[in-house]
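Enquirer: Provided below: my_file20.pdb, containing PDB, C-alpha atoms and all ligand atoms.
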ATOM      1  CA  MET A   1    -216.161  43.570 100.650
ATOM      2  CA  ALA A   2    -216.809  46.658  98.501
ATOM      3  CA  ALA A   3    -216.720  50.030 100.293
ATOM      4  CA  ALA A   4    -220.118  51.544 101.014
ATOM      5  CA  PRO A   5    -220.982  54.288  98.494
ATOM      6  CA  GLN A   6    -220.816  57.874  99.822
ATOM      7  CA  THR A   7    -224.533  58.194  99.230
ATOM      8  CA  ALA A   8    -225.505  55.389 101.657
ATOM      9  CA  PRO A   9    -227.613  57.287 104.205
ATOM     10  CA  SER A  10    -225.394  58.236 107.107
ATOM     11  CA  LEU A  11    -224.387  60.964 109.491
ATOM     12  CA  ARG A  12    -220.621  61.040 109.714
ATOM     13  CA  VAL A  13    -217.787  63.282 110.837
ATOM     14  CA  LEU A  14    -214.431  63.919 109.168
ATOM     15  CA  PHE A  15    -211.969  64.934 111.853
ATOM     16  CA  SER A  16    -208.867  66.091 110.010
ATOM     17  CA  PRO A  17    -207.552  67.633 106.766
ATOM     18  CA  ALA A  18    -206.244  64.260 105.521
ATOM     19  CA  GLU A  19    -209.797  62.903 105.684
ATOM     20  CA  TYR A  20    -211.526  65.857 104.037
ATOM     21  CA  GLU A  21    -208.947  66.318 101.314
ATOM     22  CA  ALA A  22    -209.545  62.689 100.300
ATOM     23  CA  MET A  23    -213.143  63.694  99.438
ATOM     24  CA  ASN A  24    -211.939  65.073  96.105
ATOM     25  CA  ALA A  25    -211.632  61.546  94.807
ATOM     26  CA  LYS A  26    -215.159  60.566  95.886
ATOM     27  CA  ASP A  27    -218.626  60.798  94.455
ATOM     28  CA  LEU A  28    -220.484  63.244  96.715
ATOM     29  CA  LEU A  29    -223.834  63.036  94.947
ATOM     30  CA  GLY A  30    -226.596  63.435  97.517
ATOM     31  CA  VAL A  31    -224.123  64.430 100.251
ATOM     32  CA  THR A  32    -224.609  67.608 102.270
ATOM     33  CA  CYS A  33    -221.373  68.821 103.876
ATOM     34  CA  VAL A  34    -221.331  71.013 106.978
ATOM     35  CA  VAL A  35    -218.018  72.752 107.683
ATOM     36  CA  PHE A  36    -216.977  73.612 111.261
ATOM     37  CA  ASP A  37    -214.103  75.921 112.088
ATOM     38  CA  VAL A  38    -215.283  76.982 115.517
ATOM     39  CA  LEU A  39    -212.051  78.898 116.275
ATOM     40  CA  ARG A  40    -212.640  80.942 114.258
ATOM     41  CA  ALA A  41    -213.372  81.014 110.537
ATOM     42  CA  THR A  42    -216.949  79.709 110.371
ATOM     43  CA  SER A  43    -217.919  81.515 113.609
ATOM     44  CA  THR A  44    -216.599  84.725 112.069
ATOM     45  CA  MET A  45    -218.392  84.147 108.751
ATOM     46  CA  LEU A  46    -221.671  83.643 110.621
ATOM     47  CA  GLU A  47    -221.072  86.819 112.628
ATOM     48  CA  ALA A  48    -220.419  88.746 109.385
ATOM     49  CA  LEU A  49    -223.581  87.435 107.711
ATOM     50  CA  GLY A  50    -225.553  88.066 110.918
ATOM     51  CA  ASN A  51    -224.359  91.680 110.833
ATOM     52  CA  GLY A  52    -225.490  92.240 107.271
ATOM     53  CA  ALA A  53    -222.576  91.173 105.048
ATOM     54  CA  THR A  54    -224.136  90.200 101.708
ATOM     55  CA  GLY A  55    -221.847  87.247 100.993
ATOM     56  CA  ILE A  56    -218.558  85.551 101.834
ATOM     57  CA  LEU A  57    -216.220  84.574  99.006
ATOM     58  CA  PRO A  58    -213.877  81.945 100.467
ATOM     59  CA  ALA A  59    -210.368  81.639  99.022
ATOM     60  CA  ARG A  60    -207.854  79.020 100.006
ATOM     61  CA  GLU A  61    -204.733  81.047  99.229
ATOM     62  CA  ILE A  62    -203.819  84.719  99.649
ATOM     63  CA  ALA A  63    -203.104  85.015  95.904
ATOM     64  CA  GLU A  64    -206.585  83.684  95.123
ATOM     65  CA  ALA A  65    -208.110  86.244  97.509
ATOM     66  CA  LEU A  66    -206.219  89.064  95.793
ATOM     67  CA  ALA A  67    -207.349  87.826  92.355
ATOM     68  CA  LEU A  68    -210.967  87.759  93.570
ATOM     69  CA  ARG A  69    -210.558  91.360  94.767
ATOM     70  CA  THR A  70    -209.738  92.505  91.241
ATOM     71  CA  ARG A  71    -213.107  91.063  90.096
ATOM     72  CA  HIS A  72    -214.961  92.368  93.188
ATOM     73  CA  PRO A  73    -213.281  95.740  93.840
ATOM     74  CA  GLN A  74    -215.873  96.818  96.435
ATOM     75  CA  ALA A  75    -215.428  93.670  98.562
ATOM     76  CA  LEU A  76    -213.575  93.736 101.880
ATOM     77  CA  LEU A  77    -210.498  91.514 102.212
ATOM     78  CA  ALA A  78    -210.427  89.440 105.406
ATOM     79  CA  GLY A  79    -208.462  86.593 106.876
ATOM     80  CA  GLU A  80    -205.473  85.439 108.829
ATOM     81  CA  ARG A  81    -202.155  83.681 108.721
ATOM     82  CA  ASP A  82    -200.790  82.500 112.087
ATOM     83  CA  GLY A  83    -204.016  83.881 113.571
ATOM     84  CA  LEU A  84    -203.228  87.499 112.651
ATOM     85  CA  ARG A  85    -204.641  89.847 110.014
ATOM     86  CA  ILE A  86    -202.873  89.503 106.669
ATOM     87  CA  ARG A  87    -200.542  92.449 106.169
ATOM     88  CA  ALA A  88    -198.702  93.968 103.223
ATOM     89  CA  HIS A  89    -195.507  91.938 103.725
ATOM     90  CA  LEU A  90    -197.470  88.742 102.899
ATOM     91  CA  THR A  91    -199.290  90.140  99.870
ATOM     92  CA  GLY A  92    -196.758  92.282  98.060
ATOM     93  CA  GLY A  93    -198.240  95.525  99.346
ATOM     94  CA  VAL A  94    -201.929  95.112 100.237
ATOM     95  CA  ASP A  95    -203.079  95.314 103.862
ATOM     96  CA  PHE A  96    -206.245  93.266 104.442
ATOM     97  CA  ASP A  97    -209.239  95.219 105.786
ATOM     98  CA  LEU A  98    -210.119  92.697 108.500
ATOM     99  CA  GLY A  99    -208.557  89.741 110.303
ATOM    100  CA  ASN A 100    -210.401  86.618 111.481
ATOM    101  CA  SER A 101    -211.813  87.863 114.776
ATOM    102  CA  PRO A 102    -215.621  87.753 114.940
ATOM    103  CA  ARG A 103    -215.529  90.911 117.073
ATOM    104  CA  GLU A 104    -214.137  92.884 114.134
ATOM    105  CA  PHE A 105    -217.115  92.034 111.901
ATOM    106  CA  THR A 106    -219.500  94.574 113.411
ATOM    107  CA  ARG A 107    -222.576  95.874 111.589
ATOM    108  CA  ASP A 108    -220.821  99.220 111.088
ATOM    109  CA  ARG A 109    -217.940  97.515 109.368
ATOM    110  CA  VAL A 110    -219.609  94.829 107.211
ATOM    111  CA  GLU A 111    -223.252  95.664 106.488
ATOM    112  CA  GLY A 112    -223.909  95.712 102.748
ATOM    113  CA  HIS A 113    -220.442  94.372 101.872
ATOM    114  CA  GLU A 114    -219.193  91.214 100.228
ATOM    115  CA  ILE A 115    -216.201  89.771 102.078
ATOM    116  CA  ILE A 116    -213.369  87.835 100.467
ATOM    117  CA  MET A 117    -211.870  85.618 103.138
ATOM    118  CA  THR A 118    -208.858  83.331 103.374
ATOM    119  CA  THR A 119    -207.868  81.468 106.542
ATOM    120  CA  THR A 120    -205.459  78.653 107.334
ATOM    121  CA  ASN A 121    -207.868  75.741 107.716
ATOM    122  CA  GLY A 122    -211.424  77.052 107.436
ATOM    123  CA  THR A 123    -211.358  78.050 103.777
ATOM    124  CA  ARG A 124    -209.240  74.983 102.988
ATOM    125  CA  ALA A 125    -212.008  72.734 104.369
ATOM    126  CA  LEU A 126    -214.647  74.627 102.379
ATOM    127  CA  GLU A 127    -212.710  74.101  99.182
ATOM    128  CA  ALA A 128    -212.452  70.361  99.852
ATOM    129  CA  CYS A 129    -216.272  70.128  99.962
ATOM    130  CA  ARG A 130    -216.950  71.752  96.607
ATOM    131  CA  LYS A 131    -218.182  68.544  94.965
ATOM    132  CA  ALA A 132    -220.890  68.034  97.594
ATOM    133  CA  GLU A 133    -224.513  68.657  96.686
ATOM    134  CA  PHE A 134    -224.778  71.353  99.372
ATOM    135  CA  VAL A 135    -222.157  72.957 101.625
ATOM    136  CA  HIS A 136    -223.155  74.776 104.824
ATOM    137  CA  ILE A 137    -221.082  76.607 107.413
ATOM    138  CA  ALA A 138    -221.568  75.841 111.084
ATOM    139  CA  SER A 139    -220.478  76.800 114.542
ATOM    140  CA  PHE A 140    -221.990  76.872 118.018
ATOM    141  CA  GLY A 141    -223.703  80.077 116.871
ATOM    142  CA  ASN A 142    -226.158  78.408 114.478
ATOM    143  CA  LEU A 143    -226.664  74.845 115.748
ATOM    144  CA  THR A 144    -230.432  74.877 116.226
ATOM    145  CA  ALA A 145    -231.281  76.753 113.014
ATOM    146  CA  LEU A 146    -228.996  74.504 110.989
ATOM    147  CA  ALA A 147    -230.289  71.280 112.573
ATOM    148  CA  GLN A 148    -233.865  72.286 111.733
ATOM    149  CA  HIS A 149    -232.889  73.141 108.164
ATOM    150  CA  LEU A 150    -230.977  69.875 107.609
ATOM    151  CA  LEU A 151    -233.917  67.863 108.885
ATOM    152  CA  SER A 152    -236.394  69.640 106.645
ATOM    153  CA  ALA A 153    -234.075  69.394 103.604
ATOM    154  CA  ARG A 154    -233.906  65.587 104.002
ATOM    155  CA  ALA A 155    -230.409  65.144 102.537
ATOM    156  CA  ALA A 156    -229.515  61.582 101.592
ATOM    157  CA  SER A 157    -226.402  61.755 103.683
ATOM    158  CA  VAL A 158    -224.765  64.342 105.940
ATOM    159  CA  CYS A 159    -221.037  64.762 106.443
ATOM    160  CA  LEU A 160    -219.775  67.062 109.217
ATOM    161  CA  VAL A 161    -216.349  68.355 108.210
ATOM    162  CA  CYS A 162    -214.022  69.556 110.970
ATOM    163  CA  ALA A 163    -211.519  72.074 109.572
ATOM    164  CA  GLY A 164    -208.953  71.131 112.232
ATOM    165  CA  THR A 165    -205.715  72.844 113.217
ATOM    166  CA  LEU A 166    -202.950  72.752 110.615
ATOM    167  CA  GLU A 167    -202.793  69.027 109.669
ATOM    168  CA  ASN A 168    -204.480  67.791 112.850
ATOM    169  CA  ALA A 169    -207.905  67.133 114.291
ATOM    170  CA  SER A 170    -209.109  69.822 116.683
ATOM    171  CA  PHE A 171    -210.968  69.475 119.931
ATOM    172  CA  GLU A 172    -213.305  72.439 119.341
ATOM    173  CA  ASP A 173    -214.437  71.395 115.845
ATOM    174  CA  THR A 174    -215.101  67.830 117.018
ATOM    175  CA  LEU A 175    -217.067  69.283 119.927
ATOM    176  CA  GLY A 176    -219.073  71.492 117.540
ATOM    177  CA  ALA A 177    -219.822  68.546 115.257
ATOM    178  CA  GLY A 178    -220.944  66.544 118.299
ATOM    179  CA  ALA A 179    -223.201  69.420 119.368
ATOM    180  CA  LEU A 180    -224.878  69.360 115.942
ATOM    181  CA  VAL A 181    -225.366  65.577 116.178
ATOM    182  CA  ASP A 182    -226.995  66.208 119.558
ATOM    183  CA  ARG A 183    -229.314  68.912 118.132
ATOM    184  CA  LEU A 184    -230.283  66.729 115.173
ATOM    185  CA  ILE A 185    -231.220  63.877 117.494
ATOM    186  CA  LYS A 186    -233.134  66.136 119.905
ATOM    187  CA  GLU A 187    -235.017  67.834 117.059
ATOM    188  CA  SER A 188    -235.974  64.349 115.780
ATOM    189  CA  GLY A 189    -237.598  63.328 119.059
ATOM    190  CA  GLY A 190    -234.558  61.452 120.377
ATOM    191  CA  ARG A 191    -233.889  59.216 117.383
ATOM    192  CA  PRO A 192    -230.916  59.717 115.009
ATOM    193  CA  PRO A 193    -232.356  61.040 111.730
ATOM    194  CA  TRP A 194    -229.621  59.212 109.764
ATOM    195  CA  PRO A 195    -227.708  56.092 110.805
ATOM    196  CA  LEU A 196    -224.808  57.300 112.962
ATOM    197  CA  ASP A 197    -221.373  56.392 111.705
ATOM    198  CA  ASP A 198    -218.871  55.600 114.528
ATOM    199  CA  SER A 199    -217.290  59.015 113.851
ATOM    200  CA  ALA A 200    -220.605  60.769 114.638
ATOM    201  CA  GLN A 201    -220.962  58.654 117.783
ATOM    202  CA  ILE A 202    -217.454  59.703 118.910
ATOM    203  CA  ALA A 203    -218.210  63.413 118.362
ATOM    204  CA  TRP A 204    -221.596  63.106 120.087
ATOM    205  CA  ASP A 205    -220.037  61.388 123.124
ATOM    206  CA  LEU A 206    -217.377  64.122 123.337
ATOM    207  CA  TYR A 207    -220.057  66.835 123.284
ATOM    208  CA  ARG A 208    -222.207  65.104 125.895
ATOM    209  CA  SER A 209    -219.274  64.843 128.270
ATOM    210  CA  HIS A 210    -218.509  68.604 127.980
ATOM    211  CA  GLN A 211    -221.865  70.211 127.254
ATOM    212  CA  HIS A 212    -222.273  71.767 130.701
ATOM    213  CA  ARG A 213    -218.800  73.335 130.738
ATOM    214  CA  LEU A 214    -218.152  74.405 127.167
ATOM    215  CA  SER A 215    -216.102  77.445 128.151
ATOM    216  CA  GLU A 216    -213.666  75.208 130.033
ATOM    217  CA  ALA A 217    -213.522  72.929 127.005
ATOM    218  CA  ALA A 218    -211.806  75.748 125.069
ATOM    219  CA  GLN A 219    -208.792  75.175 127.338
ATOM    220  CA  SER A 220    -208.539  71.605 126.049
ATOM    221  CA  ALA A 221    -208.106  72.861 122.491
ATOM    222  CA  ARG A 222    -204.703  73.847 121.125
ATOM    223  CA  ASN A 223    -206.358  76.689 119.205
ATOM    224  CA  GLY A 224    -208.315  77.749 122.288
ATOM    225  CA  ARG A 225    -205.159  77.957 124.407
ATOM    226  CA  ARG A 226    -203.367  79.893 121.632
ATOM    227  CA  LEU A 227    -206.144  82.494 121.423
ATOM    228  CA  LEU A 228    -206.644  82.754 125.197
ATOM    229  CA  ALA A 229    -202.916  83.432 125.648
ATOM    230  CA  GLN A 230    -203.112  86.578 123.460
ATOM    231  CA  PRO A 231    -204.888  89.472 125.231
ATOM    232  CA  GLU A 232    -206.169  90.973 121.952
ATOM    233  CA  LEU A 233    -207.640  87.634 120.746
ATOM    234  CA  ALA A 234    -208.794  85.998 124.012
ATOM    235  CA  GLY A 235    -212.217  87.683 123.789
ATOM    236  CA  ASP A 236    -212.940  85.752 120.570
ATOM    237  CA  VAL A 237    -213.198  82.423 122.403
ATOM    238  CA  PRO A 238    -216.439  83.030 124.357
ATOM    239  CA  VAL A 239    -218.005  84.597 121.250
ATOM    240  CA  CYS A 240    -217.206  81.506 119.172
ATOM    241  CA  PHE A 241    -218.626  79.150 121.829
ATOM    242  CA  GLN A 242    -221.869  81.084 122.366
ATOM    243  CA  GLU A 243    -224.739  78.809 121.364
ATOM    244  CA  ASP A 244    -227.310  80.130 118.874
ATOM    245  CA  ARG A 245    -225.703  83.607 118.782
ATOM    246  CA  ASN A 246    -226.225  83.853 114.978
ATOM    247  CA  PRO A 247    -229.230  81.609 114.278
ATOM    248  CA  HIS A 248    -228.855  81.587 110.497
ATOM    249  CA  VAL A 249    -228.455  78.994 107.807
ATOM    250  CA  ALA A 250    -225.699  79.852 105.338
ATOM    251  CA  ARG A 251    -224.794  77.909 102.236
ATOM    252  CA  LEU A 252    -222.147  77.982  99.518
ATOM    253  CA  GLY A 253    -223.852  78.754  96.201
ATOM    254  CA  ALA A 254    -222.979  77.500  92.726
ATOM    255  CA  ASP A 255    -221.204  80.858  92.242
ATOM    256  CA  GLN A 256    -218.915  79.946  95.207
ATOM    257  CA  VAL A 257    -220.364  82.677  97.433
ATOM    258  CA  ILE A 258    -221.657  81.824 100.919
ATOM    259  CA  ARG A 259    -224.962  83.559 101.610
ATOM    260  CA  LYS A 260    -227.558  83.458 104.336
ATOM    261  CA  ILE A 261    -230.535  81.408 103.148
ATOM    262  CA  ALA A 262    -232.528  81.557 106.391
TER     263      ALA A 262
HETATM  264  C1  LIG B   1    -208.323  78.728 110.512
HETATM  265  O1  LIG B   1    -209.018  78.890 109.499
HETATM  266  O2  LIG B   1    -207.357  77.963 110.551
HETATM  267  C2  LIG B   1    -208.671  79.431 111.814
HETATM  268  O3  LIG B   1    -209.840  80.128 111.702
HETATM  269  C3  LIG B   1    -207.471  80.076 112.411
HETATM  270  C4  LIG B   1    -207.740  81.257 113.333
HETATM  271  O4  LIG B   1    -208.170  81.076 114.483
HETATM  272  O5  LIG B   1    -207.541  82.392 112.947
END
Would you kindly transcribe this structure into structure tokens?
Expert:
Amino acid sequence: MAAAPQTAPSLRVLFSPAEYEAMNAKDLLGVTCVVFDVLRATSTMLEALGNGATGILPAREIAEALALRTRHPQALLAGERDGLRIRAHLTGGVDFDLGNSPREFTRDRVEGHEIIMTTTNGTRALEACRKAEFVHIASFGNLTALAQHLLSARAASVCLVCAGTLENASFEDTLGAGALVDRLIKESGGRPPWPLDDSAQIAWDLYRSHQHRLSEAAQSARNGRRLLAQPELAGDVPVCFQEDRNPHVARLGADQVIRKIA
């Protein structure tokens, strides 16, 4: 039997880098992608936009980020490798202005600035979605606003892309995707607005079994345990799990800049 075309109406979830990198070979016409990197890239991007950053320029590699800086000399450089701010020894001499902690992206620091950002998995997942009709960023911070936008935009098909941890699926991104499935269904009066793929059902079930103890769920995530074990990063975890903290809709434009659209 022939494989169903990507544009068959569906709500699905891609759990790992192997799945989202395979999207390059597919026709994504009519597909809206939503990228989750709950800990921490998309949570941090939403915090930056919420605090007045004018746009996020995602870059997969450090060298690409540095090249973007030469074309956008006023932009701030942000991102991490191994969870920590990128320092001169990784760049040939340039210290990045910011790391990947949402708590660094205060209004004082980011208002009015463009931010060039490279992270291990978050910006990698964004790059994999570039052929999609629309690409949004998501986290617990913008679930309701994004669900309402997706429903009003009436995409043919919606694909929730979990950035994952290194080459693996991650608990927190799957949980975030499941939370968005839950919001979409609730905002549609209890009926799935698109046929649920098994992957969306799995993520939704995971969210429903943890929704009343989300902060404990961070302990089930490899990334959550890594951050919680470092005193200077532990405070990021509750920020990234706070629901509707940054109730904005943000989308990657044709110029490859992520901006707030609502
Ligand atoms: C990533 O993009 O892989 C993450 O955001 C890593 C991190 O927590 O810094």
Enquirer: Counting all atoms listed in the file, name the residues that have an atom within 9 Å of an atom of ligand LIG 1 (chain B); the answer should be given as number ranges by chain.
Expert: A: 37-44, 79-85, 99-101, 118-125, 163-166, 223-224, 226-227
Enquirer: Point out the residue among A:Leu206, A:Val158, A:Leu57, A:Cys129 with the least atom-to-atom distance to Ala22 (chain A), counting all atoms listed in the file.
Expert: A:Cys129
Enquirer: I want to know what sits within 9 Å of Val239 (chain A), based on all atoms listed in the file, with residues of the same chain fewer than 5 positions away left out; could you give that as a ChimeraX atom specification?
Expert: /A:43,102-103,141,245
Enquirer: What does the distance between CA of Thr91 (chain A) and CA of Gly55 (chain A) come to in Å, to one decimal place?
Expert: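 Distance between the two atoms: 22.8 Å.
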Enquirer: When distances are computed from all atoms listed in the file, which of A:Cys159, A:Val35, A:Ala67, A:Ala48 shows the smallest separation from Ser139 (chain A)?
Expert: A:Val35
Enquirer: Quick one: residues within 12 Å of Arg191 (chain A), all atoms listed in the file counted, chain neighbours fewer than 6 positions away excluded, as a PyMOL selection string?
Expert: chain A and resi 181-185
Enquirer: Give as a compact mmCIF listing (two decimals) with C-alpha atoms, in the frame of the given file the residues that the PyMOL selection byres (((chain A and resi 210) around 12) and not hetatm) matches when applied to the coordinates above.
Expert:
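Saved file result_5.txt follows:
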# COMPACT_ATOMS: atom_id res chain seq x y z
CA PHE A 171 -210.97 69.47 119.93
CA GLU A 172 -213.30 72.44 119.34
CA THR A 174 -215.10 67.83 117.02
CA LEU A 175 -217.07 69.28 119.93
CA GLY A 176 -219.07 71.49 117.54
CA GLY A 178 -220.94 66.54 118.30
CA ALA A 179 -223.20 69.42 119.37
CA ALA A 203 -218.21 63.41 118.36
CA TRP A 204 -221.60 63.11 120.09
CA ASP A 205 -220.04 61.39 123.12
CA LEU A 206 -217.38 64.12 123.34
CA TYR A 207 -220.06 66.83 123.28
CA ARG A 208 -222.21 65.10 125.90
CA SER A 209 -219.27 64.84 128.27
CA GLN A 211 -221.86 70.21 127.25
CA HIS A 212 -222.27 71.77 130.70
CA ARG A 213 -218.80 73.33 130.74
CA LEU A 214 -218.15 74.40 127.17
CA SER A 215 -216.10 77.44 128.15
CA GLU A 216 -213.67 75.21 130.03
CA ALA A 217 -213.52 72.93 127.00
CA ALA A 218 -211.81 75.75 125.07
CA GLN A 219 -208.79 75.18 127.34
CA SER A 220 -208.54 71.60 126.05
Enquirer: Enumerate, as a short mmCIF file (atom, residue, chain, number, x, y, z; two decimals) with C-alpha atoms, keeping the file's coordinate frame, the residues matched when the PyMOL selection byres (((chain A and resi 246) around 6) and not hetatm) is run on the file above.
Expert:
data_model
loop_
_atom_site.label_atom_id
_atom_site.label_comp_id
_atom_site.auth_asym_id
_atom_site.auth_seq_id
_atom_site.Cartn_x
_atom_site.Cartn_y
_atom_site.Cartn_z
CA GLY A 50 -225.55 88.07 110.92
CA GLY A 141 -223.70 80.08 116.87
CA ASN A 142 -226.16 78.41 114.48
CA ASP A 244 -227.31 80.13 118.87
CA ARG A 245 -225.70 83.61 118.78
CA PRO A 247 -229.23 81.61 114.28
CA HIS A 248 -228.86 81.59 110.50
#
